[in-house]
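Below is the file upload_24.cif, which contains mmCIF, C-alpha atoms.
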```cif
data_final
loop_
_atom_site.group_PDB
_atom_site.id
_atom_site.type_symbol
_atom_site.label_atom_id
_atom_site.label_comp_id
_atom_site.auth_asym_id
_atom_site.auth_seq_id
_atom_site.Cartn_x
_atom_site.Cartn_y
_atom_site.Cartn_z
ATOM 1 C CA MET P 166 -16.430 -0.180 54.352
ATOM 2 C CA THR P 167 -16.492 1.545 50.986
ATOM 3 C CA GLU P 168 -19.899 2.232 49.530
ATOM 4 C CA LYS P 169 -20.689 0.266 46.364
ATOM 5 C CA LYS P 170 -21.426 2.245 43.197
ATOM 6 C CA VAL P 171 -24.986 2.522 41.864
ATOM 7 C CA HIS P 172 -23.783 1.406 38.423
ATOM 8 C CA ARG P 173 -22.339 -2.078 39.004
ATOM 9 C CA VAL P 174 -22.859 -4.015 35.786
ATOM 10 C CA ARG P 175 -19.690 -5.053 33.987
ATOM 11 C CA GLY P 176 -20.381 -5.179 30.268
ATOM 12 C CA VAL P 177 -21.758 -7.973 28.120
ATOM 13 C CA ASP P 178 -21.511 -11.500 29.475
ATOM 14 C CA HIS P 179 -23.108 -12.942 26.365
ATOM 15 C CA ILE P 180 -25.804 -12.307 23.820
ATOM 16 C CA ALA P 181 -27.662 -15.437 22.703
ATOM 17 C CA TYR P 182 -29.441 -16.206 19.434
ATOM 18 C CA PRO P 183 -30.992 -19.337 17.947
ATOM 19 C CA THR P 184 -29.475 -20.836 14.801
ATOM 20 C CA PHE P 185 -30.812 -23.299 12.250
ATOM 21 C CA ASP P 186 -27.468 -23.250 10.432
ATOM 22 C CA PRO P 187 -24.735 -24.288 12.873
ATOM 23 C CA VAL P 188 -22.293 -25.120 10.057
ATOM 24 C CA GLY P 189 -22.598 -21.671 8.478
ATOM 25 C CA THR P 190 -22.516 -20.023 11.894
ATOM 26 C CA VAL P 191 -19.253 -21.759 12.846
ATOM 27 C CA ARG P 192 -17.750 -20.901 9.469
ATOM 28 C CA PHE P 193 -18.718 -17.257 9.847
ATOM 29 C CA TYR P 194 -17.615 -16.669 13.435
ATOM 30 C CA ARG P 195 -14.766 -19.154 13.882
ATOM 31 C CA ASP P 196 -13.286 -19.472 10.396
ATOM 32 C CA VAL P 197 -13.935 -16.074 8.770
ATOM 33 C CA LEU P 198 -13.861 -13.707 11.747
ATOM 34 C CA LYS P 199 -11.514 -16.002 13.727
ATOM 35 C CA PHE P 200 -13.452 -15.650 16.983
ATOM 36 C CA PRO P 201 -12.342 -18.498 19.288
ATOM 37 C CA ILE P 202 -14.945 -20.990 20.484
ATOM 38 C CA VAL P 203 -14.780 -20.712 24.251
ATOM 39 C CA HIS P 204 -17.626 -22.728 25.711
ATOM 40 C CA SER P 205 -20.318 -25.174 24.754
ATOM 41 C CA ILE P 206 -23.118 -27.084 26.407
ATOM 42 C CA CYS P 207 -24.652 -30.293 25.063
ATOM 43 C CA ALA P 208 -27.953 -30.769 26.840
ATOM 44 C CA ALA P 209 -30.625 -33.402 26.613
ATOM 45 C CA GLY P 210 -34.097 -31.979 26.309
ATOM 46 C CA TRP P 211 -36.326 -32.385 29.338
ATOM 47 C CA GLY P 212 -39.208 -30.775 31.142
ATOM 48 C CA PRO P 213 -42.936 -30.398 30.617
ATOM 49 C CA GLU P 214 -42.662 -28.495 27.305
ATOM 50 C CA LYS P 215 -40.724 -31.291 25.534
ATOM 51 C CA HIS P 216 -37.672 -29.118 25.061
ATOM 52 C CA PRO P 217 -35.565 -30.529 22.182
ATOM 53 C CA ASP P 218 -31.985 -31.694 22.734
ATOM 54 C CA PHE P 219 -29.720 -28.744 22.079
ATOM 55 C CA ILE P 220 -26.190 -27.410 21.753
ATOM 56 C CA HIS P 221 -25.393 -24.018 23.240
ATOM 57 C CA PHE P 222 -22.079 -22.704 21.923
ATOM 58 C CA PHE P 223 -20.117 -19.529 22.574
ATOM 59 C CA PHE P 224 -17.605 -17.437 20.632
ATOM 60 C CA ASP P 225 -15.268 -14.936 22.283
ATOM 61 C CA ILE P 226 -15.895 -11.373 21.041
ATOM 62 C CA GLY P 227 -13.090 -9.836 23.131
ATOM 63 C CA ASN P 228 -12.988 -8.496 26.695
ATOM 64 C CA ASP P 229 -14.206 -11.950 27.798
ATOM 65 C CA ASP P 230 -17.575 -11.050 26.264
ATOM 66 C CA ARG P 231 -19.300 -13.671 24.145
ATOM 67 C CA ILE P 232 -21.842 -14.273 21.405
ATOM 68 C CA ALA P 233 -23.723 -17.536 21.898
ATOM 69 C CA PHE P 234 -26.014 -19.682 19.801
ATOM 70 C CA PHE P 235 -28.628 -22.337 20.490
ATOM 71 C CA TYR P 236 -28.954 -25.166 18.010
ATOM 72 C CA TYR P 237 -32.062 -27.287 18.692
ATOM 73 C CA PHE P 238 -32.031 -30.778 17.161
ATOM 74 C CA GLY P 239 -35.040 -31.447 14.963
ATOM 75 C CA LEU P 240 -36.440 -27.938 15.232
ATOM 76 C CA LYS P 241 -37.623 -26.304 12.018
ATOM 77 C CA PRO P 242 -37.619 -22.525 11.427
ATOM 78 C CA PHE P 243 -40.775 -20.643 12.329
ATOM 79 C CA GLY P 244 -42.703 -18.425 9.959
ATOM 80 C CA ASP P 245 -42.488 -17.687 6.254
ATOM 81 C CA GLN P 246 -38.790 -18.038 5.444
ATOM 82 C CA SER P 247 -39.116 -15.711 2.442
ATOM 83 C CA ALA P 248 -40.327 -12.876 4.697
ATOM 84 C CA PRO P 249 -37.886 -10.282 6.092
ATOM 85 C CA GLY P 250 -36.174 -11.133 9.360
ATOM 86 C CA ASP P 251 -33.730 -13.605 10.812
ATOM 87 C CA SER P 252 -33.624 -17.021 12.446
ATOM 88 C CA TRP P 253 -35.212 -15.653 15.604
ATOM 89 C CA ALA P 254 -38.239 -14.108 13.908
ATOM 90 C CA ARG P 255 -39.804 -13.379 10.544
ATOM 91 C CA LEU P 256 -41.675 -10.123 10.059
ATOM 92 C CA ASP P 257 -44.495 -9.044 7.770
ATOM 93 C CA SER P 258 -43.411 -8.870 4.135
ATOM 94 C CA ASP P 259 -43.924 -5.088 4.041
ATOM 95 C CA THR P 260 -41.631 -4.447 7.023
ATOM 96 C CA PRO P 261 -39.071 -1.822 5.965
ATOM 97 C CA GLN P 262 -35.410 -2.827 5.910
ATOM 98 C CA PHE P 263 -34.340 -0.138 8.418
ATOM 99 C CA PHE P 264 -36.595 -1.767 11.008
ATOM 100 C CA VAL P 265 -35.410 -5.278 10.173
ATOM 101 C CA ASN P 266 -31.817 -4.083 10.690
ATOM 102 C CA SER P 267 -32.453 -1.994 13.789
ATOM 103 C CA ARG P 268 -31.630 -4.800 16.226
ATOM 104 C CA HIS P 269 -27.976 -5.673 15.922
ATOM 105 C CA LEU P 270 -24.819 -6.538 17.810
ATOM 106 C CA ALA P 271 -21.908 -4.095 17.435
ATOM 107 C CA ILE P 272 -18.432 -5.307 18.333
ATOM 108 C CA HIS P 273 -15.690 -2.841 19.165
ATOM 109 C CA VAL P 274 -12.197 -2.723 17.615
ATOM 110 C CA ASP P 275 -9.384 -0.389 18.659
ATOM 111 C CA ASP P 276 -8.444 1.335 15.422
ATOM 112 C CA GLU P 277 -8.816 1.673 11.647
ATOM 113 C CA GLU P 278 -6.235 -1.025 10.942
ATOM 114 C CA ASP P 279 -8.268 -3.551 12.917
ATOM 115 C CA LEU P 280 -11.530 -2.451 11.310
ATOM 116 C CA LEU P 281 -10.032 -2.912 7.848
ATOM 117 C CA GLU P 282 -8.638 -6.306 8.855
ATOM 118 C CA TYR P 283 -12.183 -7.484 9.668
ATOM 119 C CA ARG P 284 -13.420 -5.863 6.486
ATOM 120 C CA SER P 285 -10.959 -7.910 4.412
ATOM 121 C CA ARG P 286 -11.797 -11.145 6.268
ATOM 122 C CA LEU P 287 -15.492 -10.608 5.475
ATOM 123 C CA ASP P 288 -14.921 -9.451 1.915
ATOM 124 C CA GLU P 289 -13.013 -12.647 1.160
ATOM 125 C CA SER P 290 -15.906 -14.753 2.535
ATOM 126 C CA GLU P 291 -19.481 -15.526 1.511
ATOM 127 C CA TRP P 292 -20.564 -12.658 3.780
ATOM 128 C CA PRO P 293 -18.917 -9.527 2.336
ATOM 129 C CA VAL P 294 -19.300 -6.166 4.049
ATOM 130 C CA GLU P 295 -22.617 -4.640 3.010
ATOM 131 C CA MET P 296 -21.896 -1.119 4.245
ATOM 132 C CA GLN P 297 -18.961 0.850 5.615
ATOM 133 C CA VAL P 298 -20.225 4.028 7.265
ATOM 134 C CA MET P 299 -18.527 6.979 8.906
ATOM 135 C CA HIS P 300 -21.080 7.973 11.563
ATOM 136 C CA GLU P 301 -20.860 11.019 13.837
ATOM 137 C CA THR P 302 -18.071 9.708 16.084
ATOM 138 C CA ILE P 303 -17.615 6.073 15.008
ATOM 139 C CA GLU P 304 -16.837 4.213 11.802
ATOM 140 C CA SER P 305 -18.554 0.882 11.222
ATOM 141 C CA ILE P 306 -18.791 -2.055 8.873
ATOM 142 C CA TYR P 307 -21.926 -4.174 8.622
ATOM 143 C CA THR P 308 -22.968 -7.541 7.344
ATOM 144 C CA HIS P 309 -25.547 -10.217 8.103
ATOM 145 C CA ASP P 310 -24.378 -13.526 9.533
ATOM 146 C CA PRO P 311 -25.655 -16.852 8.103
ATOM 147 C CA ASN P 312 -28.718 -16.611 10.377
ATOM 148 C CA GLY P 313 -29.698 -13.170 9.101
ATOM 149 C CA TYR P 314 -28.539 -11.377 12.259
ATOM 150 C CA MET P 315 -27.038 -8.005 11.562
ATOM 151 C CA ILE P 316 -23.532 -7.622 12.921
ATOM 152 C CA GLU P 317 -21.571 -4.380 13.121
ATOM 153 C CA ILE P 318 -17.869 -3.968 13.809
ATOM 154 C CA THR P 319 -16.972 -0.454 14.889
ATOM 155 C CA ARG P 320 -14.146 1.824 15.951
ATOM 156 C CA ALA P 321 -14.280 5.143 17.774
ATOM 157 C CA LEU P 322 -13.047 8.103 15.716
ATOM 158 C CA ARG P 323 -12.317 10.007 18.930
ATOM 159 C CA PRO P 324 -13.174 9.744 22.630
ATOM 160 C CA VAL P 325 -16.643 10.903 23.728
ATOM 161 C CA THR P 326 -16.502 14.336 25.417
ATOM 162 C CA ALA P 327 -18.191 15.721 28.536
ATOM 163 C CA GLN P 328 -20.374 18.016 26.438
ATOM 164 C CA GLU P 329 -21.719 14.989 24.558
ATOM 165 C CA ASP P 330 -22.674 13.345 27.860
ATOM 166 C CA HIS P 331 -24.423 16.584 28.832
ATOM 167 C CA ASP P 332 -26.154 16.668 25.438
ATOM 168 C CA ALA P 333 -27.275 13.043 25.785
ATOM 169 C CA ALA P 334 -28.861 13.771 29.164
ATOM 170 C CA LEU P 335 -30.784 16.701 27.669
ATOM 171 C CA THR P 336 -31.896 14.660 24.663
ATOM 172 C CA ILE P 337 -33.275 11.904 26.863
ATOM 173 C CA ASP P 338 -35.100 14.312 29.178
ATOM 174 C CA ALA P 339 -36.593 16.058 26.132
ATOM 175 C CA LEU P 340 -37.500 12.696 24.583
ATOM 176 C CA CYS P 341 -39.286 11.520 27.736
ATOM 177 C CA ASP P 342 -41.183 14.821 27.891
ATOM 178 C CA VAL P 343 -42.391 14.739 24.279
ATOM 179 C CA ALA P 344 -42.943 10.966 24.142
ATOM 180 C CA ALA P 345 -45.285 11.280 27.151
ATOM 181 C CA GLY P 346 -47.349 13.890 25.267
ATOM 182 C CA GLU P 347 -49.395 13.999 22.081
ATOM 183 C CA ASP P 348 -47.859 13.167 18.686
ATOM 184 C CA PRO P 349 -44.139 13.055 19.539
ATOM 185 C CA SER P 350 -41.950 14.508 16.768
ATOM 186 C CA MET P 351 -38.384 15.625 16.158
ATOM 187 C CA ASP P 352 -39.672 19.188 15.933
ATOM 188 C CA LYS P 353 -41.172 18.951 19.427
ATOM 189 C CA LEU P 354 -38.082 17.265 20.815
ATOM 190 C CA LEU P 355 -35.696 19.934 19.463
ATOM 191 C CA THR P 356 -37.979 22.689 20.742
ATOM 192 C CA ARG P 357 -38.086 21.142 24.232
ATOM 193 C CA LYS P 358 -34.342 20.552 24.098
ATOM 194 C CA ALA P 359 -33.679 24.229 23.338
ATOM 195 C CA GLU P 360 -35.513 25.087 26.582
ATOM 196 C CA LEU P 361 -33.379 22.593 28.523
ATOM 197 C CA ILE P 362 -30.178 23.901 26.899
ATOM 198 C CA VAL P 363 -30.953 27.387 28.233
ATOM 199 C CA GLU P 364 -32.198 26.159 31.644
ATOM 200 C CA ARG P 365 -29.095 24.095 32.313
ATOM 201 C CA ALA P 366 -26.428 26.349 30.817
ATOM 202 C CA ALA P 367 -25.540 27.922 34.171
ATOM 203 C CA ALA P 368 -25.162 24.521 35.857
ATOM 204 C CA TRP P 369 -22.902 23.394 33.010
ATOM 205 C CA GLU P 370 -20.698 26.503 33.363
ATOM 206 C CA GLU P 371 -20.484 25.803 37.095
ATOM 207 C CA THR P 372 -19.268 22.221 36.629
ATOM 208 C CA GLN P 373 -16.706 23.415 34.073
ATOM 209 C CA LYS P 374 -15.380 25.993 36.552
ATOM 210 C CA GLU P 375 -15.112 23.335 39.246
ATOM 211 C CA LEU P 376 -13.191 21.087 36.847
ATOM 212 C CA VAL P 377 -10.699 23.841 36.070
ATOM 213 C CA GLN P 378 -10.223 24.594 39.774
ATOM 214 C CA SER P 379 -9.732 20.985 40.862
ATOM 215 C CA MET I 223 -31.271 43.103 13.660
ATOM 216 C CA GLY I 224 -33.780 42.811 10.808
ATOM 217 C CA GLY I 225 -36.415 40.408 12.049
ATOM 218 C CA ASN I 226 -35.872 41.033 15.735
ATOM 219 C CA ALA I 227 -38.643 42.895 17.497
ATOM 220 C CA GLU I 228 -36.243 45.257 19.305
ATOM 221 C CA GLY I 229 -37.361 46.396 22.718
ATOM 222 C CA THR I 230 -40.176 43.883 23.015
ATOM 223 C CA GLY I 231 -37.839 41.081 24.033
ATOM 224 C CA ALA I 232 -39.662 38.803 21.624
ATOM 225 C CA VAL I 233 -37.443 36.768 19.354
ATOM 226 C CA VAL I 234 -38.808 36.398 15.858
ATOM 227 C CA ASN I 235 -35.543 35.261 14.301
ATOM 228 C CA ALA I 236 -34.604 31.768 13.292
ATOM 229 C CA ARG I 237 -32.563 30.404 16.172
ATOM 230 C CA ILE I 238 -30.912 27.015 16.645
ATOM 231 C CA TYR I 239 -28.416 25.414 18.987
ATOM 232 C CA VAL I 240 -25.441 23.326 17.869
ATOM 233 C CA LEU I 241 -23.218 21.349 20.243
ATOM 234 C CA GLU I 242 -19.535 22.266 20.417
ATOM 235 C CA VAL I 243 -17.845 19.162 18.994
ATOM 236 C CA PRO I 244 -15.134 18.963 16.315
ATOM 237 C CA GLU I 245 -17.559 17.491 13.754
ATOM 238 C CA ASN I 246 -19.686 20.658 13.829
ATOM 239 C CA GLU I 247 -16.811 23.073 13.104
ATOM 240 C CA GLY I 248 -17.571 23.263 9.363
ATOM 241 C CA PHE I 249 -21.235 23.966 10.085
ATOM 242 C CA LEU I 250 -20.317 26.798 12.461
ATOM 243 C CA LYS I 251 -17.746 28.241 10.073
ATOM 244 C CA VAL I 252 -20.314 28.538 7.277
ATOM 245 C CA ALA I 253 -22.885 30.035 9.641
ATOM 246 C CA SER I 254 -20.382 32.599 10.966
ATOM 247 C CA GLN I 255 -19.597 33.839 7.442
ATOM 248 C CA ASP I 256 -23.213 34.973 6.980
ATOM 249 C CA PRO I 257 -23.467 38.684 7.912
ATOM 250 C CA ASN I 258 -27.086 38.131 8.998
ATOM 251 C CA VAL I 259 -26.066 35.583 11.599
ATOM 252 C CA THR I 260 -24.878 36.071 15.166
ATOM 253 C CA ILE I 261 -23.362 33.280 17.214
ATOM 254 C CA ASP I 262 -22.931 33.153 20.963
ATOM 255 C CA LYS I 263 -22.287 30.484 23.550
ATOM 256 C CA VAL I 264 -24.873 28.916 25.896
ATOM 257 C CA GLY I 265 -23.335 26.184 28.037
ATOM 258 C CA PRO I 266 -21.557 23.771 25.716
ATOM 259 C CA TYR I 267 -23.704 24.886 22.755
ATOM 260 C CA PHE I 268 -23.409 27.557 20.104
ATOM 261 C CA ARG I 269 -26.595 29.603 19.728
ATOM 262 C CA ILE I 270 -26.982 30.604 16.084
ATOM 263 C CA THR I 271 -29.418 33.434 15.443
ATOM 264 C CA ALA I 272 -30.313 34.684 11.966
ATOM 265 C CA ASP I 273 -31.973 37.976 11.113
ATOM 266 C CA ASP I 274 -34.204 36.194 8.661
ATOM 267 C CA ASP I 275 -34.229 32.531 7.707
ATOM 268 C CA LEU I 276 -31.086 30.615 8.612
ATOM 269 C CA VAL I 277 -29.730 28.945 5.481
ATOM 270 C CA ILE I 278 -26.665 26.682 5.455
ATOM 271 C CA ASP I 279 -25.227 25.042 2.338
ATOM 272 C CA ARG I 280 -24.270 21.465 3.204
ATOM 273 C CA ARG I 281 -21.414 21.138 0.732
ATOM 274 C CA ALA I 282 -19.806 24.335 2.011
ATOM 275 C CA THR I 283 -19.748 22.863 5.540
ATOM 276 C CA GLY I 284 -17.875 19.739 4.426
ATOM 277 C CA CYS I 285 -20.070 17.771 6.852
ATOM 278 C CA ARG I 286 -20.521 14.106 6.037
ATOM 279 C CA HIS I 287 -24.147 12.993 5.987
ATOM 280 C CA ALA I 288 -24.280 11.457 9.476
ATOM 281 C CA VAL I 289 -22.949 14.698 10.975
ATOM 282 C CA TRP I 290 -25.131 16.937 8.811
ATOM 283 C CA TYR I 291 -28.394 15.235 9.709
ATOM 284 C CA SER I 292 -27.681 15.316 13.452
ATOM 285 C CA ALA I 293 -26.135 18.765 13.781
ATOM 286 C CA ILE I 294 -29.136 20.567 15.296
ATOM 287 C CA ALA I 295 -29.412 20.232 19.073
ATOM 288 C CA GLY I 296 -32.289 22.648 19.658
ATOM 289 C CA LEU I 297 -34.882 24.842 17.947
ATOM 290 C CA GLU I 298 -35.964 28.065 19.673
ATOM 291 C CA ASP I 299 -39.226 29.524 18.332
ATOM 292 C CA SER I 300 -38.146 28.123 14.981
ATOM 293 C CA PHE I 301 -38.813 25.201 12.703
ATOM 294 C CA ILE I 302 -36.918 23.295 10.045
ATOM 295 C CA VAL I 303 -38.215 24.071 6.559
ATOM 296 C CA GLN I 304 -35.559 22.081 4.692
ATOM 297 C CA GLN I 305 -32.829 19.669 5.787
ATOM 298 C CA ASP I 306 -31.574 17.562 2.914
ATOM 299 C CA LYS I 307 -28.343 16.773 1.076
ATOM 300 C CA ASP I 308 -28.217 20.311 -0.318
ATOM 301 C CA ALA I 309 -29.124 22.669 2.478
ATOM 302 C CA LEU I 310 -30.640 23.445 5.847
ATOM 303 C CA ARG I 311 -33.264 26.154 6.106
ATOM 304 C CA VAL I 312 -34.749 27.183 9.448
ATOM 305 C CA SER I 313 -37.501 29.780 9.803
ATOM 306 C CA ALA I 314 -38.950 31.623 12.787
ATOM 307 C CA ARG I 315 -42.078 29.855 13.941
#
```
Translate the structure of the given file into structure tokens.
Amino acid sequence: MTEKKVHRVRGVDHIAYPTFDPVGTVRFYRDVLKFPIVHSICAAGWGPEKHPDFIHFFFDIGNDDRIAFFYYFGLKPFGDQSAPGDSWARLDSDTPQFFVNSRHLAIHVDDEEDLLEYRSRLDESEWPVEMQVMHETIESIYTHDPNGYMIEITRALRPVTAQEDHDAALTIDALCDVAAGEDPSMDKLLTRKAELIVERAAAWEETQKELVQS
Amino acid sequence: MGGNAEGTGAVVNARIYVLEVPENEGFLKVASQDPNVTIDKVGPYFRITADDDLVIDRRATGCRHAVWYSAIAGLEDSFIVQQDKDALRVSAR
């Protein structure tokens, strides 16, 4: 019998959000982005908490992965609707925009042509692209859907390399070390990371030699 | 080397590490043109050591902002004095 891998999860099944604007949501995902509707549930509310009747509906985001929404009949939005945030939650009025936007769904496309195709679909709609950014190794477009959820569509500029995986492992070890201590800072993280870079250089060279030999 | 306490083994130079990825090539090229800078390899990183402060002009590197602001992988006995749209300056701690 072959041993099963430690890492067994298989990508996103679905991400689910509430919506108070099902018409706008369907227009955005089905009509503008042309994501097929692939599943829906119409459920009567029941149970001790007086759950409202609801529709749970799903759009295909590729790879058989899905974005899903709950629409609850009769439910009104919570919180001050002029405050920053989205249909899931409103934040304090002084919450900075970078924090409001930090939680987002990013959907992958294969190449620049596909990214620009989604850019033009959005730009011709009520939800034009708000930003197009060339990051370190990906290029992304961003907008907010009718519910205020930030959505990113992104392409890889090149494949991720082995040295970046190595670097990520060092970053996370350094982060855990400094975040467990007093006053974590970038300065402390980069100082700790320099120590790890030196400590693990020999092991890295060894794995590279093994790769060349095999 | 100017700021290096020769013979004591103590490093008093500005010293940083930069990962070897294509995006960092411009950064490394500018650093290597500085006669006060030495570059060697430690694992998959370049170790950049300056006799005095390490100063890199961002525009000369051609790095876009996302690359520029994430170029430094490690700081050895050094700290960042300036890292903005114009330049990076690192001093010995």
If you apply the PyMOL selection byres ((chain I) within 10 of (chain P)) to this file, what residues do you get, as a PyMOL selection string?
-> chain I and resi 237-246+263-267+269+285-302
Would you kindly return, as a compact mmCIF listing (two decimals) with C-alpha atoms, in the frame of the given file, each protein, DNA or RNA residue with an atom no farther than 10 Å from any atom of Tyr194 in chain P, considering all atoms listed in the file and excluding same-chain residues fewer than 5 positions away?
```
# COMPACT_ATOMS: atom_id res chain seq x y z
CA GLY P 189 -22.60 -21.67 8.48
CA LYS P 199 -11.51 -16.00 13.73
CA PHE P 200 -13.45 -15.65 16.98
CA PRO P 201 -12.34 -18.50 19.29
CA ILE P 202 -14.94 -20.99 20.48
CA PHE P 223 -20.12 -19.53 22.57
CA PHE P 224 -17.60 -17.44 20.63
CA ASP P 225 -15.27 -14.94 22.28
CA ILE P 226 -15.90 -11.37 21.04
CA ILE P 232 -21.84 -14.27 21.40
CA ASP P 310 -24.38 -13.53 9.53
CA PRO P 311 -25.66 -16.85 8.10
```
Can you tell me, as a list in words, what residues are no more than 8 Å from Phe238 in chain P when counting all atoms listed in the file, ignoring any on the same chain fewer than 3 positions away?
-> Pro217, Asp218 and Phe219 of chain P
Suppose you want the space between CA of Ala334 in chain P and CA of Glu347 in chain P; what is it in Å?
->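 Answer for the CA of Ala334 in chain P to CA of Glu347 in chain P separation: 21.7 Å.
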Find the spatial neighbours of range 262-279 of chain P, counting only C-alpha atoms, within a cut-off of 7 Å - ignore same-chain residues fewer than 3 positions away - and output them as a list in words.
-> Pro249, Gly250, Glu282, Tyr283, Tyr314, Met315, Ile316, Glu317, Ile318, Thr319 and Arg320 of chain P
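Of the residues listed (P:Phe222, P:Trp253, P:Trp211, P:Tyr307), P:Trp253 shows the shortest atom-to-atom separation from Phe185 in chain P; distances use only C-alpha atoms.
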Could you pull the residues within 10 Å of Thr260 in chain I, counting all atoms listed in the file, minus those fewer than 4 positions along the same chain, as a PyMOL selection string?
-> chain I and resi 223+237+253-256+268-273
Check the smallest atom-to-atom distance from each of I:Arg315, I:Glu247, I:Leu276, I:Ala309 to Val259 in chain I using all atoms listed in the file, then report the winner.
-> I:Leu276
Quote the spacing between CA of Asp342 in chain P and CA of Pro324 in chain P in Å to one decimal place.
-> 28.9 Å
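All polymer residues at most 12 Å from (-18.5, 29.9, 5.2), using all atoms listed in the file, appear as Glu247, Gly248, Phe249, Leu250, Lys251, Val252, Ala253, Ser254, Gln255, Asp256, Pro257, Val259, Val277, Ile278, Asp279, Arg280, Arg281, Ala282, Thr283 and Gly284 of chain I.
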Using the chain letters and numbers from the file, give me the residues hit by the PyMOL selection byres ((chain P and resi 205) around 8), as number ranges by chain.
-> P: 203-204, 206-207, 220-223
Computed gap from CA of Pro293 in chain P to CA of Ala254 in chain P is 23.0 Å
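Near Ile180 in chain P, within 8 Å and counting all atoms listed in the file, sit Val177, Asp178, Tyr182, Arg231, Ile232 and Ala233 of chain P, not including residues fewer than 2 positions from it in the same chain.
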Just write the chosen residues, C-alpha atoms, as a PDB file, in the frame of the given file.
```
ATOM      1  CA  VAL P 177     -21.758  -7.973  28.120  1.00  0.00           C
ATOM      2  CA  ASP P 178     -21.511 -11.500  29.475  1.00  0.00           C
ATOM      3  CA  TYR P 182     -29.441 -16.206  19.434  1.00  0.00           C
ATOM      4  CA  ARG P 231     -19.300 -13.671  24.145  1.00  0.00           C
ATOM      5  CA  ILE P 232     -21.842 -14.273  21.405  1.00  0.00           C
ATOM      6  CA  ALA P 233     -23.723 -17.536  21.898  1.00  0.00           C
TER       7      ALA P 233
END
```
Could you tell me which residues the PyMOL selection byres ((chain P and resi 176) around 10) returns for this structure, as a PyMOL selection string?
-> chain P and resi 173-175+177-179+228-230
Box dimensions and centre (Å, one decimal) enclosing range 287-302 of chain I, axis-aligned, 3 Å extra per side, as lines of an AutoDock Vina configuration file:
```
center_x = -31.1
center_y = 20.5
center_z = 12.8
size_x = 22.3
size_y = 24.1
size_z = 19.7
```
Counting all atoms listed in the file, the residue of P:Ala333, P:Met296, P:Leu287, P:Ala345 that sits nearest Phe193 in chain P = P:Leu287
Return range 261-265 of chain I, completed with all heavy atoms, as a short mmCIF file (atom, residue, chain, number, x, y, z; two decimals), in the coordinates of the input.
```cif
data_model
loop_
_atom_site.label_atom_id
_atom_site.label_comp_id
_atom_site.auth_asym_id
_atom_site.auth_seq_id
_atom_site.Cartn_x
_atom_site.Cartn_y
_atom_site.Cartn_z
N ILE I 261 -23.60 34.54 16.50
CA ILE I 261 -23.36 33.28 17.21
C ILE I 261 -22.86 33.62 18.61
O ILE I 261 -21.94 34.42 18.76
CB ILE I 261 -22.33 32.40 16.47
CG1 ILE I 261 -22.82 32.07 15.06
CG2 ILE I 261 -22.05 31.12 17.26
CD1 ILE I 261 -21.88 31.21 14.24
N ASP I 262 -23.47 33.03 19.61
CA ASP I 262 -22.93 33.15 20.96
C ASP I 262 -22.97 31.80 21.65
O ASP I 262 -23.45 30.82 21.08
CB ASP I 262 -23.65 34.25 21.77
CG ASP I 262 -25.13 34.01 21.90
OD1 ASP I 262 -25.68 33.19 21.15
OD2 ASP I 262 -25.76 34.64 22.77
N LYS I 263 -22.46 31.76 22.87
CA LYS I 263 -22.29 30.48 23.55
C LYS I 263 -23.28 30.36 24.70
O LYS I 263 -23.45 31.29 25.49
CB LYS I 263 -20.83 30.44 24.07
CG LYS I 263 -20.25 29.08 24.34
CD LYS I 263 -19.93 28.30 23.09
CE LYS I 263 -19.63 26.84 23.44
NZ LYS I 263 -18.41 26.67 24.22
N VAL I 264 -23.95 29.21 24.79
CA VAL I 264 -24.87 28.92 25.90
C VAL I 264 -24.50 27.54 26.42
O VAL I 264 -24.77 26.53 25.76
CB VAL I 264 -26.35 28.92 25.42
CG1 VAL I 264 -27.28 28.59 26.59
CG2 VAL I 264 -26.72 30.26 24.82
N GLY I 265 -23.85 27.47 27.57
CA GLY I 265 -23.34 26.18 28.04
C GLY I 265 -22.39 25.63 26.99
O GLY I 265 -21.59 26.38 26.42
#
```
